[in-house]
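Asker: After the structure tokens below, expect a handful of questions from me.
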Amino acid sequence: MSIKILKYIFIELVRSRFIIFYGIFLFVLSSAVIYIGHDPSKAVVTMLNLVLFIIPLVSLIFGTIHFYNSGEFIELLLTQPVDRRSVFTAEYLGIAFSLSLAFAAGTGIPLVFFGFTFPVFLLIITGVVLTFIFVSLAFLSSVMNNDKVKGIGLSVMIWLFMSVIFDGIIFIILFVFSDYPLEKFILIFTSLNPVDLSRILILLQLNISALMGFTGALFRDYFGSTAGMVTAAILLICWMIIPGILSMKIFSKKNF
Amino acid sequence: MKNLFIISAVFILFLKCGFLFGKEITVCSECGIKTIKEALDISQDGDRIIIKSGYYREHDLKAEKSVEIIGESFPVIDIDSQGNGFILTKENSSVSGLIIKNMSASYVKDLAAIKIENTSKCKVLNNQLLNTFFSIYLANSRECVISGNTITGNAVTETSSGNGIHLWKCRDIIIENNRVSGQRDGIYLEFVISSLIRNNLSEHNLRYGLHFMYSDSNAYRNNTFISNGAGVAVMYSHYIEMTENHFYHNWGAASYGLLLKDITRSRIYKNLISENTTGIYMESCDKIIITENEFSGNGWALKIMGNCSDNILSKNNFSENTFDIASNSSRNKNFYSENYWDKYDGYDLNKDGTGDIPYRPVSLYSMMLEKIPDSIILLRSFIVDLIDITEKAMPVFIPETLADENPRMHKYQYDKN
């Protein structure tokens with residue numbers, strides 16, 4: 001049943017104007033970056049900035065708005081003999097898949113044509129993972145608030161926190177405790193933010209990582225090892241699953 | 001015309017006489033003289049020793065007379081881990097056209113394939129040195145020429161390897177057209193004055209491609225330094241001219257294209273400095289003129305420490321560097337003018353090719369990095385862009401005077417050979 005609903009939502013979304021616009025926007029952007037940059041490594045760095053900025057924002061805002069807009073449709077579905085979990089899963093996967101598809105096609109096609117390297121592959125994978133993470137955060141903020149405005153507000157706050165405030169906190173910690181050996185602490189702390197974690201994982205694959213000196217070497221040693229790779233994967237999956245499960249629980253008990 | 005004829009006739013006569021003074025000694029497996037040692041023992045001043053192509057297992061060959069040692073079609077001298085190769089101690093000696101190989105490392109002696117000590121006017125030409133410890137070693141000598149040698153080492157650690165071309169307390173030396181790779185330092189100079197280093201290629205050495213210590217009034221031109229462990233280091237020297245060199249891909253956590261420490265009154269002119277972690281690193285340097293250089297694709301194009309003063313940077317191209325200039329000081333005592341900066345976003349209303357508002361090459365983030373190196377972890381993050389944009393709009397922390405008042409709108413087109 002879940003798959004049937006998923007299929008319907010997915011097809012409806014992929015045909016929606018927003019997703020098509022999002023895909024074309026990314027396509028034009030990455031083609032422009034490649035056209036100006038000429039160097040695949042540099043194109044990846046520039047795209048990285050855009051991906052880390054745009055994906056969380058779009059996933060959160062679009063996820064939240066879509067959830068509120070399809071409120072009536074969800075209510076209608078729930079009057080049928082369908083499990084709430086399967087409705088929720090279908091909604092979640094429908095949005096996450098369609099956004100990922102738009103991203104992978106929009107960014108992936110120009111980059112892959114230009115030269116398929118490991119950093120490019122990692123960039124696309126990271127983008128998809130970030131989409132899943134932030135759609136699940138969007139759903140969490142939607143189910144927590146009945147008021148649409150509050151929900152969108154919370155989503156914007158989440159985005160602001162992950163993209164700007166968290167890094168600001170890191171900066172403050174580095175400044176205040178600059179007399180202490182902070183490398184290990186910073187390694188753990190930055191890994192907690194999916195945006196920072198993806199940024200560092202990709203930077204480590206590029207030439208630019210030589211600039212990162214001692215701290216970079218520490219990160220490379222850790223994330224280069226199997227244990228580090230597994231930890232990074234687990235952390236990212238946690239960010240995907242925990243808000244997802246939480247919001248599913250709230251959704252299951254929610255009064256419409 | 002008649003005069004010229006007479007002069008050249010006399011000159012040729014002199015040359016002939018010169019040859020007549022010395023005799024030729026030929027060494028080969030079928031000749032009367034089978035070893036180089038034997039040939040050196042019977043030689044007199046002015047002799048030429050011709051070594052025919054073959055395989056000679058010899059070591060510690062001391063030439064105490066002034067002899068020319070010439071290899072014909074590259075005879076192989078296998079030192080077989082036994083000590084030094086040739087040791088020249090008399091003026092006007094030369095070694096050319098040989099293949100010298102297989103030395104072992106020594107932690108006590110400075111073993112060298114070709115050692116020149118306490119003498120002058122010696123020549124080391126067109127040799128191939130394979131797997132040697134120190135390859136060409138000059139001590140307390142003057143007016144020597146080291147040219148056309150190929151040195152290929154397989155250094156693994158800094159302590160168990162020697163330098164390619166090593167000069168200690170020398171003057172008026174010319175080092176040209178050599179290729180050095182896989183040594184500790186490619187070319188090393190200590191207490192060397194008025195020497196010229198040109199057209200050399202130094203690559204894949206463990207430490208520095210070229211290393212200067214306490215060596216004043218030297219020039220190096222047209223050399224290429226690629227992928228050395230830490231690039232090129234010039235330390236504690238004055239009056240150095242660095243022209244038309246290529247510093248390329250010295251890329252690693254502690255690598256520099258060119259490291260300058262305690263250098264004064266020098267000139268860095270028309271060099272191509274590309275893809276190094278740090279293009280030029282300057283510490284306590286005074287009165288250096290850096291002009292018409294090309295800085296491209298470096299992590300930091302130029303790191304200039306607070307103890308540098310009165311250096312002039314003008315007419316350079318800065319493009320595609322992650323950071324243009326970094327400094328650990330909020331005061332600026334150097335001069336920047338008429339450079340091209342690809343990050344410059346000013347305008348040029350009167351179209352004279354010079355931007356109307358000054359360019360500040362130090363970003364706030366790069367200053368923060370100098371104070372807190374760990375904040376590199378935020379490289380390429382959104383907050384860093386925010387900080388830099390805010391600071392650019394209202395400069396508070398970055399050095400007020402560290403600015404190029406006349407930034408160029410277009411890249412200089414320099415001849416890049």
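Residues in the structure tokens are numbered from 1 in each chain, the chains being A, B, ... in the order shown, and ligands are numbered from 1 in the order shown.
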How close does each residue of chain A get to chain B, giving the shortest atom pair and distance in Å to one decimal for every residue with an atom at most 9 Å away, counting only C-alpha atoms, sorted by chain and residue number, as a Markdown table?

Answerer:
| residue | atom | partner | partner_atom | distance |
| --- | --- | --- | --- | --- |
| A:Val45 | CA | B:Arg380 | CA | 8.1 |
| A:Thr46 | CA | B:Arg380 | CA | 8.9 |
| A:Leu48 | CA | B:Arg380 | CA | 8.4 |
| A:Asn49 | CA | B:Arg380 | CA | 6.7 |
| A:Leu52 | CA | B:Ser381 | CA | 8.4 |
| A:Phe53 | CA | B:Phe382 | CA | 7.4 |
| A:Ser163 | CA | B:Phe382 | CA | 6.7 |
| A:Val164 | CA | B:Ile383 | CA | 5.5 |
| A:Ile165 | CA | B:Ile383 | CA | 8.2 |
| A:Asp167 | CA | B:Ile383 | CA | 6.5 |
| A:Gly168 | CA | B:Ile383 | CA | 6.9 |
| A:Ile170 | CA | B:Ser375 | CA | 8.3 |
| A:Phe171 | CA | B:Ser375 | CA | 6.8 |
| A:Leu174 | CA | B:Ser375 | CA | 6.8 |
| A:Phe175 | CA | B:Ile372 | CA | 7.2 |
| A:Ser178 | CA | B:Ile372 | CA | 6.7 |
| A:Leu182 | CA | B:Asp374 | CA | 7.9 |
| A:Glu183 | CA | B:Asp374 | CA | 7.1 |
| A:Ile186 | CA | B:Ile377 | CA | 8.4 |
| A:Leu187 | CA | B:Ile377 | CA | 8.8 |
| A:Thr190 | CA | B:Ile377 | CA | 8.6 |
| A:Asp196 | CA | B:Ser381 | CA | 7.9 |
| A:Arg199 | CA | B:Ser381 | CA | 7.7 |
| A:Ile200 | CA | B:Ile377 | CA | 7.6 |
| A:Leu203 | CA | B:Arg380 | CA | 8.7 |
| A:Asn207 | CA | B:Trp251 | CA | 8.6 |
| A:Ile208 | CA | B:Gly299 | CA | 7.2 |
| A:Ser209 | CA | B:Ala253 | CA | 8.5 |
| A:Ala210 | CA | B:Ala253 | CA | 5.0 |
| A:Leu211 | CA | B:Gly299 | CA | 6.2 |
| A:Met212 | CA | B:Ile376 | CA | 5.7 |
| A:Gly213 | CA | B:Ala253 | CA | 4.7 |
| A:Phe214 | CA | B:Ala253 | CA | 7.2 |
| A:Thr215 | CA | B:Asp374 | CA | 6.1 |
| A:Gly216 | CA | B:Ile377 | CA | 7.3 |
| A:Ala217 | CA | B:Ala253 | CA | 8.0 |

Asker: Just want the 8 Å neighbourhood of segment 121-137 of chain A, counted on only C-alpha atoms, with same-chain residues fewer than 4 positions away dropped. Output as number ranges by chain.

Answerer: A: 44, 48, 51-52, 55-56, 59-60, 63-64, 92, 95-96, 99-100, 103-104, 107-108, 116-117, 141, 155, 194-195, 198, 202, 236, 239-241, 243-244, 247

Asker: Find the residues around segment 232-234 of chain B up to 6 Å (only C-alpha atoms counted), leave out those fewer than 4 positions away in its own chain, and share them as a ChimeraX atom specification.

Answerer: /B:208-212,258-260

Asker: Can you pull out every residue within 12 Å of Lys303 of chain B, counting only C-alpha atoms, but drop anything in the same chain fewer than 3 positions away, and send it as a PyMOL selection string?

Answerer: chain B and resi 256-261+277-285+298-300+306-308+323-329+361-362+366-367+369-370

Asker: At what distance in Å, to one decimal, does atom CA of Thr390 of chain B lie from atom CA of Tyr365 of chain B?

Answerer: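 It comes out at 11.1 Å.
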